[in-house]
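Chemist: Below is a structure I'd like to ask you about.
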Amino acid sequence: MQIVTDCAADLPEAEIRAMNITVAPLYIRFPEGEINSADLTPDQFYDPLAAMRPAIPTTAQPSQRQFSELYEQLAQAGQPILSIHISSGLSGTLEYLARGGRIGRVQALAGALLHLKPVIHVSKADGKYSAVAKARTMGKAIEAVTDHLAHLYDATAPMWVTIMHGKFAEQAAALSKALQARLTIARLEMLRISPVLGVHTGPGIVGAVVVPMAVFDGLV
């Protein structure tokens, strides 16, 4: 089987090579031109963001023709193709979320004035961002994330947890510690959020992806 995904998957390069995964490009549009997100490291993207304010880059997906040519090329190998991509509710494939249109501007302004930290998740119903809570400090926001995940999952069930952040290593470590105290973690990893997603979040984001290990039972 040939697996196809895109840059928003945040897969480590070693896994891409080991599983021979084809990664479709997603593009970031800067004032000086368009760049394939895969060609930027997180720091190469996040470091100059502050100097660009109030402007922010935007994202663009590959054309239908590019996808068509990609699938036609892979189909020649005669293997089934599994194509996994970002939710259509999030893509065409908070300050930053607000300017990118991901949360309401009035809500974002109120949050900025009150120094609120929004806690969001991706809804199963429509694949879009929705609010879980608002916190006045990052410590409280991490506590809200931890409480939300502890409520969703059986504390005794083994979990695969991936902590992700833009340029927020200290807070990512704090979230990791909090989750380890509340969940049974069988596998833990920490990754950087890719530039193509960082366009909509900025560097000051930290979050977690949690999957029960039972999901992978029977898989090779």
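Chain labels follow the order of the structure tokens: the first chain is A, the next B, and so on; residue numbering restarts at 1 in every chain, and ligands are counted from 1 in their shown order.
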Near A:Ala9, within 9 Å and counting only C-alpha atoms, which residues show up once chain neighbours fewer than 3 positions away are dropped, as a PDB file with C-alpha atoms, in the first residue's frame?
Modeler:
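Output file around01.pdb is given in full below:
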```pdb
ATOM      1  CA  THR A   5      -0.456  12.725   3.054  1.00  0.00           C
ATOM      2  CA  ASP A   6       0.530  16.399   3.138  1.00  0.00           C
ATOM      3  CA  VAL A  23       3.973  13.963   1.120  1.00  0.00           C
ATOM      4  CA  ILE A  84      -4.849  10.911   4.559  1.00  0.00           C
ATOM      5  CA  HIS A  85      -5.198  14.676   4.779  1.00  0.00           C
ATOM      6  CA  ILE A  86      -6.142  17.548   7.064  1.00  0.00           C
ATOM      7  CA  SER A 194       4.694  22.472  11.107  1.00  0.00           C
TER       8      SER A 194
END
```
Chemist: Neighbouring residues of stretch 61-66 of chain A were defined as those with any atom within 12 Å, considering only C-alpha atoms; residues of the same chain fewer than 6 positions away were excluded. Please report them as a list in words.
Modeler: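 Residues near the query, excluding close chain neighbours: Asp6, Cys7, Ala8, Val23, Ala24, Pro25, Leu26, Tyr27, Ile28, Arg29, Glu34, Ile35, Asn36, Ser37, Glu72, Gln73, His85, Ile86, Ser88, Ser91, Gly92, Thr93 and Val196 of chain A.
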Chemist: Which residues are close to A:Val210, i.e. within 9 Å by only C-alpha atoms, leaving aside same-chain residues fewer than 4 positions away? Reply as a list in words.
Modeler: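 Selected residues are Leu149, Met159, Trp160, Val161, Thr162 and Ile163 of chain A.
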Chemist: Using DSSP on the backbone, list every residue of stretch 6-96 of chain A that comes out as alpha helix (DSSP H), and give them as a PDB file with N, CA and C atoms, in the first residue's frame.
Modeler:
```
ATOM      1  N   GLU A  13      10.776  13.208   9.534  1.00  0.00           N
ATOM      2  CA  GLU A  13      11.389  12.792   8.275  1.00  0.00           C
ATOM      3  C   GLU A  13      11.786  11.319   8.304  1.00  0.00           C
ATOM      4  N   ALA A  14      12.227  10.832   9.460  1.00  0.00           N
ATOM      5  CA  ALA A  14      12.639   9.431   9.562  1.00  0.00           C
ATOM      6  C   ALA A  14      11.460   8.495   9.294  1.00  0.00           C
ATOM      7  N   GLU A  15      10.255   8.851   9.770  1.00  0.00           N
ATOM      8  CA  GLU A  15       9.083   8.019   9.530  1.00  0.00           C
ATOM      9  C   GLU A  15       8.646   8.078   8.068  1.00  0.00           C
ATOM     10  N   ILE A  16       8.776   9.241   7.464  1.00  0.00           N
ATOM     11  CA  ILE A  16       8.422   9.379   6.045  1.00  0.00           C
ATOM     12  C   ILE A  16       9.283   8.450   5.198  1.00  0.00           C
ATOM     13  N   ARG A  17      10.596   8.429   5.507  1.00  0.00           N
ATOM     14  CA  ARG A  17      11.509   7.575   4.738  1.00  0.00           C
ATOM     15  C   ARG A  17      11.266   6.100   5.038  1.00  0.00           C
ATOM     16  N   ALA A  18      11.078   5.773   6.318  1.00  0.00           N
ATOM     17  CA  ALA A  18      10.928   4.372   6.711  1.00  0.00           C
ATOM     18  C   ALA A  18       9.690   3.737   6.104  1.00  0.00           C
ATOM     19  N   PRO A  42      10.745  24.579  11.464  1.00  0.00           N
ATOM     20  CA  PRO A  42       9.894  25.407  12.329  1.00  0.00           C
ATOM     21  C   PRO A  42      10.541  26.728  12.722  1.00  0.00           C
ATOM     22  N   ASP A  43      11.816  26.703  13.106  1.00  0.00           N
ATOM     23  CA  ASP A  43      12.461  27.947  13.539  1.00  0.00           C
ATOM     24  C   ASP A  43      12.640  28.927  12.385  1.00  0.00           C
ATOM     25  N   GLN A  44      12.915  28.429  11.192  1.00  0.00           N
ATOM     26  CA  GLN A  44      13.024  29.311  10.027  1.00  0.00           C
ATOM     27  C   GLN A  44      11.711  30.028   9.746  1.00  0.00           C
ATOM     28  N   PHE A  45      10.608  29.405  10.156  1.00  0.00           N
ATOM     29  CA  PHE A  45       9.310  30.033   9.958  1.00  0.00           C
ATOM     30  C   PHE A  45       8.920  30.913  11.147  1.00  0.00           C
ATOM     31  N   TYR A  46       9.017  30.372  12.363  1.00  0.00           N
ATOM     32  CA  TYR A  46       8.509  31.098  13.525  1.00  0.00           C
ATOM     33  C   TYR A  46       9.357  32.317  13.895  1.00  0.00           C
ATOM     34  N   LEU A  49       8.345  35.686  12.264  1.00  0.00           N
ATOM     35  CA  LEU A  49       6.924  36.035  12.269  1.00  0.00           C
ATOM     36  C   LEU A  49       6.645  37.378  12.941  1.00  0.00           C
ATOM     37  N   ALA A  50       7.272  37.619  14.085  1.00  0.00           N
ATOM     38  CA  ALA A  50       6.987  38.842  14.835  1.00  0.00           C
ATOM     39  C   ALA A  50       7.325  40.088  14.028  1.00  0.00           C
ATOM     40  N   ALA A  51       8.394  40.013  13.227  1.00  0.00           N
ATOM     41  CA  ALA A  51       8.799  41.170  12.437  1.00  0.00           C
ATOM     42  C   ALA A  51       7.827  41.469  11.301  1.00  0.00           C
ATOM     43  N   MET A  52       6.981  40.507  10.949  1.00  0.00           N
ATOM     44  CA  MET A  52       6.044  40.684   9.849  1.00  0.00           C
ATOM     45  C   MET A  52       4.749  41.370  10.283  1.00  0.00           C
ATOM     46  N   GLN A  64      -5.551  21.089  -8.291  1.00  0.00           N
ATOM     47  CA  GLN A  64      -6.141  19.789  -8.605  1.00  0.00           C
ATOM     48  C   GLN A  64      -5.271  19.034  -9.604  1.00  0.00           C
ATOM     49  N   ARG A  65      -4.656  19.756 -10.500  1.00  0.00           N
ATOM     50  CA  ARG A  65      -3.788  19.112 -11.493  1.00  0.00           C
ATOM     51  C   ARG A  65      -2.591  18.457 -10.824  1.00  0.00           C
ATOM     52  N   GLN A  66      -2.008  19.132  -9.818  1.00  0.00           N
ATOM     53  CA  GLN A  66      -0.859  18.551  -9.116  1.00  0.00           C
ATOM     54  C   GLN A  66      -1.245  17.258  -8.409  1.00  0.00           C
ATOM     55  N   PHE A  67      -2.404  17.255  -7.751  1.00  0.00           N
ATOM     56  CA  PHE A  67      -2.866  16.043  -7.088  1.00  0.00           C
ATOM     57  C   PHE A  67      -3.141  14.941  -8.100  1.00  0.00           C
ATOM     58  N   SER A  68      -3.766  15.298  -9.215  1.00  0.00           N
ATOM     59  CA  SER A  68      -4.093  14.310 -10.244  1.00  0.00           C
ATOM     60  C   SER A  68      -2.828  13.659 -10.784  1.00  0.00           C
ATOM     61  N   GLU A  69      -1.819  14.476 -11.074  1.00  0.00           N
ATOM     62  CA  GLU A  69      -0.566  13.940 -11.599  1.00  0.00           C
ATOM     63  C   GLU A  69       0.132  13.057 -10.560  1.00  0.00           C
ATOM     64  N   LEU A  70       0.035  13.451  -9.285  1.00  0.00           N
ATOM     65  CA  LEU A  70       0.645  12.659  -8.219  1.00  0.00           C
ATOM     66  C   LEU A  70       0.008  11.281  -8.132  1.00  0.00           C
ATOM     67  N   TYR A  71      -1.335  11.225  -8.120  1.00  0.00           N
ATOM     68  CA  TYR A  71      -2.024   9.946  -8.007  1.00  0.00           C
ATOM     69  C   TYR A  71      -1.821   9.085  -9.250  1.00  0.00           C
ATOM     70  N   GLU A  72      -1.783   9.703 -10.414  1.00  0.00           N
ATOM     71  CA  GLU A  72      -1.556   8.936 -11.641  1.00  0.00           C
ATOM     72  C   GLU A  72      -0.177   8.280 -11.617  1.00  0.00           C
ATOM     73  N   GLN A  73       0.801   9.023 -11.111  1.00  0.00           N
ATOM     74  CA  GLN A  73       2.157   8.480 -11.024  1.00  0.00           C
ATOM     75  C   GLN A  73       2.223   7.306 -10.048  1.00  0.00           C
ATOM     76  N   LEU A  74       1.579   7.458  -8.887  1.00  0.00           N
ATOM     77  CA  LEU A  74       1.592   6.391  -7.892  1.00  0.00           C
ATOM     78  C   LEU A  74       0.791   5.177  -8.353  1.00  0.00           C
ATOM     79  N   ALA A  75      -0.275   5.405  -9.094  1.00  0.00           N
ATOM     80  CA  ALA A  75      -1.133   4.313  -9.558  1.00  0.00           C
ATOM     81  C   ALA A  75      -0.404   3.374 -10.504  1.00  0.00           C
ATOM     82  N   GLU A  95      -4.297  35.379  18.360  1.00  0.00           N
ATOM     83  CA  GLU A  95      -4.054  36.507  17.433  1.00  0.00           C
ATOM     84  C   GLU A  95      -3.989  35.960  16.026  1.00  0.00           C
ATOM     85  N   TYR A  96      -3.205  34.921  15.709  1.00  0.00           N
ATOM     86  CA  TYR A  96      -3.046  34.369  14.383  1.00  0.00           C
ATOM     87  C   TYR A  96      -4.321  33.690  13.932  1.00  0.00           C
TER      88      TYR A  96
END
```
Chemist: Select from stretch 9-198 of chain A everything DSSP, run on the backbone, classes as strand (DSSP E), then give the selection as a PyMOL selection string.
Modeler: chain A and resi 22-24+27-30+33-36+58-60+81-83+117-122+129-135+158-165+184-192
Chemist: Do you have the atom CA of A:Asp217-atom CA of A:Ala178 distance handy?
Modeler: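 Pair atom CA of A:Asp217 / atom CA of A:Ala178 returns 26.5 Å.
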Chemist: Ranking A:Val145, A:Ala60, A:Met138, A:Ala173 by minimum distance to A:Leu197 and counting only C-alpha atoms, which one comes first?
Modeler: A:Ala60
Chemist: Which residue out of A:Ile21, A:Ala150, A:Ala186, A:Leu94 has the minimum interatomic distance to A:Pro203 when only C-alpha atoms are used?
Modeler: A:Leu94
Chemist: In Å, with one decimal, what is the gap from atom CA of A:Ala155 to atom CA of A:Thr184?
Modeler: 5.9 Å
Chemist: Do you have the atom CA of A:Thr146-atom CA of A:Lys117 distance handy?
Modeler: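 Straight-line distance from atom CA of A:Thr146 to atom CA of A:Lys117 works out to 14.5 Å.
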Chemist: Using only C-alpha atoms, can you tell me which of A:Met1, A:Ala174, A:Val215, A:Ala125 comes closest to A:Ala77?
Modeler: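 For A:Ala77, the nearest of the given residues is A:Met1.
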Chemist: Hey, which of A:Lys140, A:Arg53, A:Lys177, A:Lys167 ends up closest to A:Ile193? Count only C-alpha atoms.
Modeler: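 The closest residue to A:Ile193 is A:Lys167.
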Chemist: Taking into account only C-alpha atoms, which residue in the set A:Thr137, A:Ser123, A:Pro212, A:Val206 is nearest to A:Tyr153?
Modeler: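 Using only C-alpha atoms, A:Tyr153 sits closest to A:Pro212.
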